[in-house]
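Printed here is upload29.cif (mmCIF, C-alpha atoms):
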```cif
data_input
loop_
_atom_site.label_atom_id
_atom_site.label_comp_id
_atom_site.auth_asym_id
_atom_site.auth_seq_id
_atom_site.Cartn_x
_atom_site.Cartn_y
_atom_site.Cartn_z
CA MET A 1 -133.30 59.75 116.09
CA THR A 2 -131.53 57.15 118.18
CA ARG A 3 -133.62 54.51 119.85
CA ARG A 4 -132.44 53.04 123.10
CA ASP A 5 -133.74 52.29 126.55
CA PHE A 6 -133.24 55.09 129.01
CA SER A 7 -132.88 54.72 132.74
CA GLU A 8 -132.49 56.78 135.88
CA ARG A 9 -128.85 57.17 135.03
CA ASP A 10 -129.83 59.24 132.03
CA ILE A 11 -131.70 61.67 134.26
CA HIS A 12 -128.43 62.55 135.90
CA MET A 13 -126.61 62.75 132.60
CA ALA A 14 -129.26 65.01 131.12
CA LEU A 15 -129.18 67.20 134.17
CA ASP A 16 -125.41 67.47 134.05
CA GLY A 17 -125.24 68.18 130.33
CA GLU A 18 -123.67 64.82 129.60
CA LEU A 19 -126.41 63.37 127.40
CA PRO A 20 -125.31 63.32 123.74
CA GLY A 21 -127.24 65.93 121.77
CA GLU A 22 -128.64 63.40 119.32
CA GLU A 23 -130.28 61.46 122.17
CA ARG A 24 -132.00 64.46 123.68
CA MET A 25 -135.27 64.19 121.80
CA ALA A 26 -135.64 60.50 122.51
CA TYR A 27 -134.85 61.15 126.14
CA ASP A 28 -137.45 63.92 126.40
CA ALA A 29 -140.04 61.61 124.87
CA TRP A 30 -139.11 58.87 127.35
CA LEU A 31 -139.39 61.28 130.24
CA GLU A 32 -142.75 62.49 129.00
CA ALA A 33 -144.02 58.91 128.92
CA ASN A 34 -142.78 58.08 132.44
CA PRO A 35 -144.44 60.25 135.06
CA GLU A 36 -142.37 58.74 137.85
CA MET A 37 -139.11 59.53 136.10
CA ARG A 38 -140.37 62.95 135.13
CA ALA A 39 -141.15 63.72 138.77
CA LYS A 40 -137.71 62.54 139.80
CA SER A 41 -136.05 64.72 137.21
CA ALA A 42 -138.11 67.74 138.25
CA ARG A 43 -137.21 67.17 141.87
CA TYR A 44 -133.48 66.95 141.15
CA ILE A 45 -133.68 70.12 139.11
CA ALA A 46 -135.45 71.91 141.97
CA ASP A 47 -132.91 70.67 144.53
CA ARG A 48 -130.07 71.82 142.35
CA ALA A 49 -131.64 75.24 141.95
CA ALA A 50 -132.04 75.53 145.72
CA LEU A 51 -128.44 74.47 146.26
CA ARG A 52 -127.17 76.97 143.72
CA ALA A 53 -129.24 79.72 145.28
CA ALA A 54 -127.97 78.87 148.76
CA LEU A 55 -124.37 79.08 147.60
CA ALA A 56 -124.72 81.99 145.19
CA GLY A 57 -124.08 84.68 147.79
CA VAL A 58 -120.51 83.52 148.38
CA MET A 59 -119.52 84.41 144.84
CA ASP A 60 -120.53 88.02 145.29
CA GLU A 61 -118.75 88.56 148.58
CA PRO A 62 -115.53 90.56 148.52
CA VAL A 63 -112.48 88.32 148.77
CA PRO A 64 -111.25 88.29 152.38
CA ALA A 65 -108.00 90.19 152.82
CA ARG A 66 -106.14 87.19 154.21
CA LEU A 67 -106.84 85.21 151.05
CA ARG A 68 -105.69 88.07 148.80
CA GLN A 69 -102.57 88.40 150.87
CA ALA A 70 -101.90 84.68 150.66
CA VAL A 71 -101.80 84.94 146.87
CA LEU A 72 -99.90 88.20 146.70
CA GLY A 73 -97.32 86.89 149.15
CA GLU A 74 -97.89 89.71 151.58
CA ALA A 75 -99.02 87.53 154.43
CA PRO A 76 -96.57 86.63 157.15
CA ALA A 77 -95.65 82.98 156.88
CA ARG A 78 -97.76 80.81 159.11
CA THR A 79 -95.91 78.62 161.53
CA PRO A 80 -96.87 74.95 161.76
CA ALA A 81 -98.56 75.60 165.09
CA TRP A 82 -100.79 78.09 163.40
CA ARG A 83 -101.81 75.68 160.67
CA SER A 84 -105.44 76.00 160.07
CA ARG A 85 -107.70 73.50 161.64
CA TRP A 86 -110.63 73.61 159.26
CA TRP A 87 -110.69 69.85 159.12
CA LEU A 88 -111.29 69.60 162.83
CA SER A 89 -114.44 71.51 162.20
CA ALA A 90 -115.44 68.85 159.74
CA ALA A 91 -114.65 66.20 162.33
CA ALA A 92 -116.49 68.08 165.01
CA ALA A 93 -119.49 68.31 162.75
CA ALA A 94 -119.43 64.53 162.62
CA VAL A 95 -119.45 64.44 166.41
CA LEU A 96 -122.28 66.92 166.56
CA ILE A 97 -124.22 64.70 164.27
CA VAL A 98 -123.37 61.40 165.87
CA GLY A 99 -123.14 62.11 169.55
CA GLY A 100 -125.60 64.87 170.10
CA PHE A 101 -122.71 66.96 171.38
CA ALA A 102 -124.38 70.09 170.09
CA GLY A 103 -124.85 71.53 173.52
CA TYR A 104 -121.37 71.97 174.72
CA VAL A 105 -119.45 72.01 171.48
CA ALA A 106 -121.67 74.62 169.90
CA GLY A 107 -121.73 76.32 173.27
CA THR A 108 -118.03 77.05 173.03
CA GLY A 109 -118.84 79.43 170.23
CA GLY A 110 -118.32 77.34 167.16
CA ILE A 111 -115.29 75.55 165.88
CA GLY A 112 -112.33 77.46 164.61
CA ARG A 113 -108.63 77.22 164.22
CA GLU A 114 -106.53 76.72 167.23
CA GLU A 115 -103.08 75.81 168.40
CA GLY A 116 -101.52 72.53 167.41
CA ALA A 117 -101.88 71.44 171.03
CA ASP A 118 -105.25 69.85 170.48
CA ASP A 119 -104.22 66.84 168.45
CA GLN A 120 -101.03 66.58 170.48
CA LEU A 121 -103.13 66.17 173.62
CA ALA A 122 -105.31 63.56 171.97
CA GLU A 123 -102.31 61.68 170.65
CA GLN A 124 -100.67 61.62 174.07
CA ALA A 125 -103.90 60.53 175.69
CA ILE A 126 -104.34 57.74 173.17
CA ALA A 127 -100.71 56.64 173.54
CA ALA A 128 -101.07 56.50 177.32
CA HIS A 129 -104.31 54.58 177.04
CA VAL A 130 -102.81 52.02 174.66
CA ILE A 131 -99.92 51.37 177.04
CA TYR A 132 -101.56 51.42 180.45
CA ALA A 133 -105.10 50.23 179.83
CA ALA A 134 -103.59 46.98 178.56
CA GLU A 135 -101.75 46.42 181.85
CA LYS A 136 -103.64 44.09 184.14
CA ARG A 137 -101.73 44.47 187.41
CA HIS A 138 -99.79 47.68 186.85
CA ALA A 139 -102.29 49.84 185.06
CA VAL A 140 -102.31 52.45 187.79
CA GLU A 141 -99.91 53.87 190.36
CA VAL A 142 -102.54 54.65 192.95
CA ALA A 143 -105.63 52.47 193.17
CA ALA A 144 -109.21 53.66 193.56
CA SER A 145 -109.23 52.26 197.11
CA ASP A 146 -107.01 55.22 197.94
CA LYS A 147 -109.14 57.71 196.04
CA ASP A 148 -108.71 60.70 198.32
CA HIS A 149 -104.94 60.45 198.18
CA LEU A 150 -105.09 59.89 194.42
CA GLN A 151 -107.07 63.07 193.89
CA THR A 152 -104.93 65.21 196.18
CA TRP A 153 -101.68 63.91 194.78
CA LEU A 154 -102.66 64.35 191.11
CA SER A 155 -104.25 67.75 191.78
CA ASN A 156 -101.01 68.97 193.34
CA ARG A 157 -98.88 67.61 190.53
CA ILE A 158 -100.87 68.92 187.57
CA GLY A 159 -101.94 72.12 189.28
CA LEU A 160 -105.66 71.66 188.85
CA LYS A 161 -108.31 70.64 191.29
CA LEU A 162 -108.98 67.14 190.04
CA VAL A 163 -112.15 65.39 191.10
CA ALA A 164 -112.41 61.90 189.65
CA PRO A 165 -115.77 61.77 187.87
CA ASP A 166 -118.32 59.23 189.06
CA LEU A 167 -119.16 57.21 185.97
CA ALA A 168 -121.18 54.50 187.72
CA ALA A 169 -124.28 55.61 185.86
CA GLU A 170 -122.41 54.84 182.64
CA GLY A 171 -121.33 51.47 184.02
CA PHE A 172 -117.71 52.42 184.74
CA GLU A 173 -115.87 52.17 188.04
CA LEU A 174 -112.64 53.97 188.84
CA VAL A 175 -109.61 51.66 188.79
CA GLY A 176 -107.10 54.31 189.80
CA GLY A 177 -104.73 56.81 188.28
CA ARG A 178 -101.20 57.75 187.44
CA LEU A 179 -99.04 60.75 186.66
CA LEU A 180 -97.73 61.21 183.12
CA PRO A 181 -95.73 63.75 181.16
CA ALA A 182 -97.69 66.10 178.94
CA GLY A 183 -96.61 68.46 176.21
CA GLU A 184 -93.03 69.72 176.37
CA ARG A 185 -92.51 69.91 180.10
CA GLY A 186 -95.94 69.54 181.61
CA LYS A 187 -97.71 66.86 183.59
CA ALA A 188 -100.97 65.08 183.08
CA ALA A 189 -103.21 62.96 185.26
CA MET A 190 -104.56 59.74 183.84
CA LEU A 191 -107.60 58.19 185.44
CA LEU A 192 -108.52 54.68 184.43
CA TYR A 193 -112.05 53.26 184.54
CA GLU A 194 -113.38 49.78 183.89
CA ASP A 195 -116.84 48.39 183.24
CA ALA A 196 -118.25 45.00 184.32
CA LYS A 197 -116.99 43.37 181.13
CA GLY A 198 -113.47 44.62 181.68
CA GLU A 199 -113.68 47.29 178.98
CA ARG A 200 -111.46 50.21 179.95
CA ILE A 201 -111.52 53.90 179.25
CA SER A 202 -109.15 56.59 180.43
CA LEU A 203 -109.37 60.26 181.24
CA PHE A 204 -106.36 62.38 180.50
CA VAL A 205 -106.28 65.77 182.22
CA THR A 206 -103.62 68.44 181.98
CA ALA A 207 -103.23 72.11 182.84
CA GLU A 208 -100.87 72.47 179.88
CA SER A 209 -103.08 74.51 177.64
CA SER A 210 -102.39 78.15 177.06
CA GLU A 211 -105.07 78.90 174.52
CA ALA A 212 -108.78 78.81 174.73
CA ALA A 213 -109.60 76.24 172.11
CA LYS A 214 -112.75 74.55 171.05
CA GLY A 215 -114.23 71.17 171.64
CA THR A 216 -113.43 68.74 168.95
CA TYR A 217 -112.79 65.12 168.14
CA ALA A 218 -110.00 62.91 166.86
CA ALA A 219 -110.08 59.40 165.49
CA GLU A 220 -107.41 56.87 164.75
CA ALA A 221 -107.83 54.32 162.02
CA ASP A 222 -108.32 51.18 164.11
CA GLY A 223 -107.24 52.07 167.61
CA PRO A 224 -109.10 53.71 170.46
CA GLU A 225 -110.70 57.07 169.92
CA ALA A 226 -110.33 60.26 171.91
CA VAL A 227 -112.94 62.87 172.62
CA TYR A 228 -111.20 65.97 173.86
CA TRP A 229 -111.45 69.59 174.88
CA LEU A 230 -109.00 72.37 175.47
CA ASP A 231 -109.65 75.57 177.29
CA LYS A 232 -107.52 78.21 178.90
CA GLY A 233 -105.74 76.46 181.73
CA TYR A 234 -106.83 72.88 181.16
CA GLY A 235 -107.29 70.23 178.59
CA CYS A 236 -108.88 66.83 178.85
CA ALA A 237 -109.39 63.78 176.70
CA VAL A 238 -111.52 60.71 177.15
CA VAL A 239 -110.10 57.68 175.38
CA GLY A 240 -111.60 54.28 174.74
CA SER A 241 -112.53 51.68 172.16
CA LEU A 242 -116.24 51.93 172.82
CA PRO A 243 -118.80 52.37 170.10
CA ARG A 244 -118.68 56.04 169.23
CA GLU A 245 -122.05 56.98 170.65
CA ARG A 246 -121.32 55.28 173.92
CA LEU A 247 -117.92 56.93 174.17
CA SER A 248 -119.61 60.26 173.50
CA GLU A 249 -122.06 59.71 176.33
CA VAL A 250 -119.40 58.70 178.80
CA ALA A 251 -117.16 61.57 177.73
CA LYS A 252 -119.97 64.04 178.11
CA SER A 253 -120.66 62.93 181.65
CA ALA A 254 -116.96 62.85 182.56
CA TYR A 255 -116.31 66.25 181.10
CA GLY A 256 -119.22 67.85 182.92
CA GLN A 257 -118.01 66.47 186.24
CA LEU A 258 -114.36 67.36 185.62
CA LEU A 259 -115.32 70.90 184.80
CA ALA A 260 -117.49 71.17 187.88
CA GLY A 261 -114.58 69.80 189.93
CA ILE A 262 -112.00 72.20 188.47
CA SER A 263 -114.15 75.24 189.12
CA SER A 264 -115.35 74.08 192.55
CA MET B 265 -98.29 91.29 140.13
CA ASP B 266 -97.56 88.54 137.63
CA ASP B 267 -100.17 86.90 135.43
CA LYS B 268 -100.18 83.66 137.38
CA ARG B 269 -101.04 85.32 140.65
CA ALA B 270 -103.71 87.44 138.99
CA ALA B 271 -105.27 84.35 137.47
CA ILE B 272 -105.26 82.58 140.84
CA LEU B 273 -106.76 85.62 142.51
CA SER B 274 -109.69 85.59 140.12
CA GLU B 275 -110.48 81.98 141.07
CA ILE B 276 -110.89 82.74 144.77
CA PRO B 277 -114.67 83.35 144.67
CA ARG B 278 -115.21 79.91 143.12
CA LEU B 279 -112.83 78.22 145.50
CA ARG B 280 -114.68 79.81 148.40
CA ARG B 281 -118.01 78.61 147.08
CA TYR B 282 -116.68 75.08 146.72
CA ALA B 283 -115.19 75.20 150.21
CA CYS B 284 -118.49 76.46 151.61
CA SER B 285 -120.27 73.50 150.12
CA LEU B 286 -117.75 71.12 151.66
CA LEU B 287 -117.63 72.73 155.10
CA ARG B 288 -120.53 74.35 156.85
CA ASP B 289 -118.51 76.73 159.01
CA ARG B 290 -117.51 79.80 157.02
CA ASP B 291 -114.19 80.43 158.77
CA SER B 292 -113.22 76.82 158.31
CA ALA B 293 -114.12 77.06 154.64
CA ASP B 294 -111.85 80.08 154.24
CA ASP B 295 -109.09 78.26 156.13
CA LEU B 296 -109.35 75.48 153.58
CA VAL B 297 -109.12 78.00 150.74
CA GLN B 298 -106.10 79.60 152.36
CA ASP B 299 -104.37 76.23 152.76
CA CYS B 300 -105.10 75.57 149.10
CA LEU B 301 -103.72 78.93 147.96
CA GLU B 302 -100.58 78.53 150.03
CA ARG B 303 -99.95 75.09 148.64
CA ALA B 304 -100.63 76.34 145.11
CA LEU B 305 -98.10 79.14 145.44
CA VAL B 306 -95.43 76.75 146.60
CA ARG B 307 -96.07 74.66 143.51
CA LEU B 308 -96.50 77.48 141.06
CA ASP B 309 -94.07 75.82 138.67
CA ASN B 310 -96.35 72.80 138.29
CA TRP B 311 -98.93 74.93 136.62
CA GLN B 312 -98.39 75.59 132.94
CA THR B 313 -99.24 79.02 131.60
CA GLY B 314 -102.10 78.99 129.17
CA GLU B 315 -103.94 76.38 131.20
CA SER B 316 -106.83 77.60 133.32
CA PRO B 317 -105.85 77.57 136.96
CA ARG B 318 -109.32 76.40 137.90
CA ARG B 319 -108.84 72.68 137.49
CA TRP B 320 -105.41 72.86 139.03
CA LEU B 321 -106.62 74.73 142.09
CA PHE B 322 -109.70 72.58 142.58
CA THR B 323 -107.52 69.49 142.46
CA ILE B 324 -105.25 70.87 145.16
CA MET B 325 -108.16 71.87 147.35
CA HIS B 326 -109.95 68.62 146.90
CA HIS B 327 -106.89 66.65 147.94
CA LEU B 328 -106.49 68.76 151.05
CA PHE B 329 -110.11 68.19 151.94
CA ILE B 330 -110.32 64.47 151.28
CA ASP B 331 -106.98 63.60 152.87
CA GLN B 332 -107.96 65.25 156.11
CA MET B 333 -111.46 63.86 156.12
CA ARG B 334 -110.03 60.37 155.74
CA LYS B 335 -107.45 60.92 158.43
CA VAL B 336 -109.92 62.30 160.88
CA ASN B 337 -112.92 60.22 160.20
CA ARG B 338 -112.37 56.90 158.50
CA ARG B 339 -115.92 55.87 159.05
CA GLY B 340 -117.24 59.22 157.89
CA GLU B 341 -119.75 58.18 155.32
CA ALA B 342 -121.54 55.67 157.45
CA ALA B 343 -121.46 57.90 160.50
CA MET B 344 -122.92 60.96 158.88
CA LEU B 345 -126.50 61.32 159.91
CA PRO B 346 -128.75 64.28 159.27
CA LEU B 347 -128.61 67.12 161.71
CA GLU B 348 -131.72 67.93 163.60
CA ALA B 349 -132.85 71.45 162.95
CA GLY B 350 -131.40 73.61 165.68
CA GLU B 351 -128.57 71.18 166.30
CA ALA B 352 -126.80 72.48 163.28
CA GLN B 353 -123.62 74.42 163.80
CA SER B 354 -124.62 77.99 164.03
CA ALA B 355 -124.04 80.09 160.94
CA PRO B 356 -122.13 83.32 161.48
CA ALA B 357 -124.27 86.25 162.44
CA ASP B 358 -123.26 88.33 159.46
CA GLN B 359 -124.55 85.70 157.14
CA VAL B 360 -128.21 85.83 156.46
CA GLU B 361 -129.56 82.44 155.58
CA THR B 362 -133.08 81.70 154.66
CA ILE B 363 -134.64 78.61 156.18
CA ALA B 364 -134.58 76.96 152.79
CA SER B 365 -130.91 77.55 152.18
CA ARG B 366 -129.99 76.59 155.73
CA GLU B 367 -131.90 73.38 155.30
CA ILE B 368 -130.30 72.43 152.03
CA LEU B 369 -126.79 73.32 153.21
CA ASP B 370 -127.29 71.24 156.34
CA ALA B 371 -128.51 68.36 154.21
CA LEU B 372 -125.51 68.72 151.93
CA GLN B 373 -123.22 68.49 154.96
CA ALA B 374 -124.91 65.30 156.01
CA ILE B 375 -124.12 63.35 152.87
CA GLY B 376 -120.78 61.55 152.66
CA PRO B 377 -117.79 63.75 151.75
CA ASP B 378 -116.98 61.84 148.57
CA ARG B 379 -120.52 62.12 147.28
CA ARG B 380 -120.80 65.71 148.38
CA ALA B 381 -117.65 66.67 146.49
CA ALA B 382 -118.72 64.83 143.34
CA LEU B 383 -122.17 66.35 143.33
CA VAL B 384 -121.02 69.90 143.97
CA MET B 385 -118.21 69.69 141.45
CA VAL B 386 -120.69 68.91 138.68
CA ALA B 387 -123.97 70.45 139.76
CA ILE B 388 -122.65 73.70 141.22
CA GLU B 389 -119.20 74.24 139.79
CA GLY B 390 -120.20 73.07 136.35
CA PHE B 391 -117.33 70.74 135.62
CA SER B 392 -117.95 68.01 133.07
CA TYR B 393 -117.92 64.40 134.22
CA ALA B 394 -114.50 63.96 132.63
CA GLU B 395 -113.08 67.04 134.32
CA ALA B 396 -114.61 66.23 137.71
CA ALA B 397 -113.42 62.61 137.55
CA ASN B 398 -109.97 63.92 136.79
CA ILE B 399 -109.97 66.40 139.66
CA LEU B 400 -111.32 63.87 142.12
CA GLY B 401 -109.00 61.18 140.81
CA VAL B 402 -111.68 58.55 140.30
CA PRO B 403 -112.98 56.69 137.23
CA ALA B 404 -115.94 58.30 135.47
CA GLY B 405 -118.19 55.42 136.50
CA THR B 406 -117.39 55.99 140.16
CA LEU B 407 -118.04 59.69 139.76
CA MET B 408 -121.43 59.01 138.18
CA SER B 409 -122.52 56.67 140.90
CA ARG B 410 -121.41 59.15 143.56
CA ILE B 411 -123.43 61.87 141.89
CA ALA B 412 -126.51 59.68 141.58
CA ARG B 413 -126.29 58.51 145.19
CA GLY B 414 -125.50 61.99 146.40
CA ARG B 415 -128.57 63.43 144.73
CA GLU B 416 -130.77 60.68 146.07
CA GLU B 417 -129.37 61.09 149.57
CA LEU B 418 -129.87 64.83 149.45
CA ARG B 419 -133.45 64.37 148.33
CA SER B 420 -134.31 61.97 151.11
CA LEU B 421 -132.62 64.19 153.74
CA LEU B 422 -134.65 67.15 152.56
CA ASP B 423 -137.79 65.06 152.67
CA ASP B 424 -136.97 64.02 156.23
CA SER B 425 -136.39 67.56 157.38
CA SER B 426 -139.61 68.83 155.84
CA ARG B 427 -141.42 65.91 157.45
CA ARG B 428 -139.94 66.83 160.81
CA ARG B 429 -141.00 70.39 160.29
CA SER B 430 -144.56 69.37 159.55
CA ILE B 431 -144.62 67.10 162.59
CA ARG B 432 -143.53 70.01 164.69
CA ILE B 433 -146.28 72.17 163.27
CA VAL B 434 -148.83 69.46 164.00
CA GLU B 435 -147.59 69.11 167.56
CA ARG B 436 -147.87 72.78 168.23
#
```
Please express what this file holds, its structure, as structure tokens.
Amino acid sequence: MTRRDFSERDIHMALDGELPGEERMAYDAWLEANPEMRAKSARYIADRAALRAALAGVMDEPVPARLRQAVLGEAPARTPAWRSRWWLSAAAAAVLIVGGFAGYVAGTGGIGREEGADDQLAEQAIAAHVIYAAEKRHAVEVAASDKDHLQTWLSNRIGLKLVAPDLAAEGFELVGGRLLPAGERGKAAMLLYEDAKGERISLFVTAESSEAAKGTYAAEADGPEAVYWLDKGYGCAVVGSLPRERLSEVAKSAYGQLLAGISS
Amino acid sequence: MDDKRAAILSEIPRLRRYACSLLRDRDSADDLVQDCLERALVRLDNWQTGESPRRWLFTIMHHLFIDQMRKVNRRGEAAMLPLEAGEAQSAPADQVETIASREILDALQAIGPDRRAALVMVAIEGFSYAEAANILGVPAGTLMSRIARGREELRSLLDDSSRRRSIRIVER
């Protein structure tokens, strides 16, 4: 029988069938002599059993037709726009967890696949933010001092009733807005906000959205982040370099007000 | 139907189980499997007959999963916090989940994607450390530490959720 010191690491190896057979007896003896380690091992075994049980049902389900067809080559080829968006669900789950977005994201009926328009919208919104939020004097075409005109003008251009959200409670004041291209031929309104420290966020609103799509989230490596939604007839993104939770809060407030404005 | 396709077809239940452990939403999990199958079929020549398609397919699926997770959420691991009960994404109606399995699947979702994949690969899918390290493309030592941390994280998440449950009962 081999003699060596065992450690927590060996609990995992034993559990995963990676402990050499000749060490097994010595390991069992070690476990027997260490109640704390024994409890840990028992707990891991129980958790694994629960996990296996929770996932066991999937194995017995009939294979969905679309997956069979994918293998047998009977499925019509999917166009890039129809690419699945399972990973957005993963990202949205992160938002649910981080931002407490559960209410309205879950409220849209869960996250599924959607058109490619979602990340396109976010990318355009981020690109616009990077360019214009950095401009000190020429960030906007129409300043907040002319708010009524700004709202009427942008509403007419994008074809949506745009009411600039009041984000004072979140510490942001409207700087103004501008008109931008969106999608292939569409238009978007960009509203720029600034807080007391000069931190800027922008709202990007467009009517260029043909599909009802679900709330989700996109992140760039180091740049600003966008929180965005698409629905039939409108899409909007809130972009900024705020800490994620703060951005989520601001976005939530902005989105609620935009939606109320559009349907008013 | 040729042998290769038949062999791939028989791996679908396992691929779906793995996808379900990676992604909580069932449709999204099947989308991931479909992406994996489509990519596999395009690269059918890369797979040598005689070799089990399992490792090959899991490698493809894992790459799809991890690449997208990294793209979408660079800070994923640190940002993942446990879901409050009831905040969890709703499971489809046709899927009956017991409280216990809901709880453990939610907890699994809350651990970092790298750790989740490593843990599931070994503890559920039954790959050896060597096989799993190969599929995940990491050294065996990294795999082991991910498994150990993943298990510990899962345990503490489950403890937290049962604590919350007992607090709720006390409050009632």
query: From the list A:Leu174, A:Ala53, A:Met25, A:Val142, which residue is nearest chain B when using all atoms listed in the file?
result: A:Ala53
- prompt: How many Å separate CA of Glu141 in chain A from CA of Gly177 in chain A?
  reply: 6.0 Å
- prompt: How would you write, as a ChimeraX atom specification, the residues chosen by the PyMOL selection byres ((chain B and resi 377-383) around 6) on this structure?
  reply: /B:376,384-387,410-411,414
message: Need to verify the contact set: Tyr44 in chain A, 12 Å, all atoms listed in the file, exclusion of same-chain residues closer than 4 positions in sequence. Can you return it as a ChimeraX atom specification?
response: /A:8,11-16,37-40,48-51 /B:383,387,411-420,422
Please return the centre and edge lengths, in Å to one decimal, of a box with edges along x, y and z that contains all listed atoms of range 270-276 of chain B, widened by 8 Å on every side, as lines of an AutoDock Vina configuration file.
```
center_x = -107.3
center_y = 84.7
center_z = 141.1
size_x = 23.2
size_y = 21.5
size_z = 23.3
```
Using the partial input, fill out range 134-151 of chain A with N, CA and C atoms; write the result as a PDB file, in the frame of the given file.
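selection.pdb, written as the output of this step:
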```
ATOM      1  N   ALA A 134    -103.843  48.391 178.854  1.00  0.00           N
ATOM      2  CA  ALA A 134    -103.590  46.980 178.560  1.00  0.00           C
ATOM      3  C   ALA A 134    -102.949  46.257 179.739  1.00  0.00           C
ATOM      4  N   GLU A 135    -102.396  47.022 180.684  1.00  0.00           N
ATOM      5  CA  GLU A 135    -101.750  46.420 181.850  1.00  0.00           C
ATOM      6  C   GLU A 135    -102.793  45.893 182.828  1.00  0.00           C
ATOM      7  N   LYS A 136    -102.662  44.633 183.200  1.00  0.00           N
ATOM      8  CA  LYS A 136    -103.640  44.090 184.140  1.00  0.00           C
ATOM      9  C   LYS A 136    -103.315  44.509 185.570  1.00  0.00           C
ATOM     10  N   ARG A 137    -102.082  44.245 186.010  1.00  0.00           N
ATOM     11  CA  ARG A 137    -101.730  44.470 187.410  1.00  0.00           C
ATOM     12  C   ARG A 137    -101.111  45.834 187.673  1.00  0.00           C
ATOM     13  N   HIS A 138    -100.523  46.438 186.608  1.00  0.00           N
ATOM     14  CA  HIS A 138     -99.790  47.680 186.850  1.00  0.00           C
ATOM     15  C   HIS A 138    -100.368  48.847 186.050  1.00  0.00           C
ATOM     16  N   ALA A 139    -101.661  48.790 185.866  1.00  0.00           N
ATOM     17  CA  ALA A 139    -102.290  49.840 185.060  1.00  0.00           C
ATOM     18  C   ALA A 139    -102.223  51.191 185.748  1.00  0.00           C
ATOM     19  N   VAL A 140    -102.291  51.179 187.072  1.00  0.00           N
ATOM     20  CA  VAL A 140    -102.310  52.450 187.790  1.00  0.00           C
ATOM     21  C   VAL A 140    -101.225  52.493 188.868  1.00  0.00           C
ATOM     22  N   GLU A 141    -100.885  53.714 189.271  1.00  0.00           N
ATOM     23  CA  GLU A 141     -99.910  53.870 190.360  1.00  0.00           C
ATOM     24  C   GLU A 141    -100.608  53.901 191.709  1.00  0.00           C
ATOM     25  N   VAL A 142    -101.756  54.571 191.716  1.00  0.00           N
ATOM     26  CA  VAL A 142    -102.540  54.650 192.950  1.00  0.00           C
ATOM     27  C   VAL A 142    -103.932  54.102 192.647  1.00  0.00           C
ATOM     28  N   ALA A 143    -104.357  53.131 193.445  1.00  0.00           N
ATOM     29  CA  ALA A 143    -105.630  52.470 193.170  1.00  0.00           C
ATOM     30  C   ALA A 143    -106.813  53.285 193.698  1.00  0.00           C
ATOM     31  N   ALA A 144    -108.002  52.939 193.182  1.00  0.00           N
ATOM     32  CA  ALA A 144    -109.210  53.660 193.560  1.00  0.00           C
ATOM     33  C   ALA A 144    -109.512  53.516 195.049  1.00  0.00           C
ATOM     34  N   SER A 145    -108.996  52.455 195.676  1.00  0.00           N
ATOM     35  CA  SER A 145    -109.230  52.260 197.110  1.00  0.00           C
ATOM     36  C   SER A 145    -108.620  53.416 197.917  1.00  0.00           C
ATOM     37  N   ASP A 146    -107.668  54.088 197.298  1.00  0.00           N
ATOM     38  CA  ASP A 146    -107.010  55.220 197.940  1.00  0.00           C
ATOM     39  C   ASP A 146    -107.387  56.514 197.209  1.00  0.00           C
ATOM     40  N   LYS A 147    -108.660  56.654 196.931  1.00  0.00           N
ATOM     41  CA  LYS A 147    -109.140  57.710 196.040  1.00  0.00           C
ATOM     42  C   LYS A 147    -108.805  59.125 196.519  1.00  0.00           C
ATOM     43  N   ASP A 148    -108.970  59.357 197.814  1.00  0.00           N
ATOM     44  CA  ASP A 148    -108.710  60.700 198.320  1.00  0.00           C
ATOM     45  C   ASP A 148    -107.249  61.109 198.074  1.00  0.00           C
ATOM     46  N   HIS A 149    -106.366  60.165 198.402  1.00  0.00           N
ATOM     47  CA  HIS A 149    -104.940  60.450 198.180  1.00  0.00           C
ATOM     48  C   HIS A 149    -104.662  60.646 196.696  1.00  0.00           C
ATOM     49  N   LEU A 150    -105.260  59.800 195.881  1.00  0.00           N
ATOM     50  CA  LEU A 150    -105.090  59.890 194.420  1.00  0.00           C
ATOM     51  C   LEU A 150    -105.452  61.285 193.919  1.00  0.00           C
ATOM     52  N   GLN A 151    -106.595  61.762 194.358  1.00  0.00           N
ATOM     53  CA  GLN A 151    -107.070  63.070 193.890  1.00  0.00           C
ATOM     54  C   GLN A 151    -106.182  64.210 194.368  1.00  0.00           C
TER      55      GLN A 151
END
```
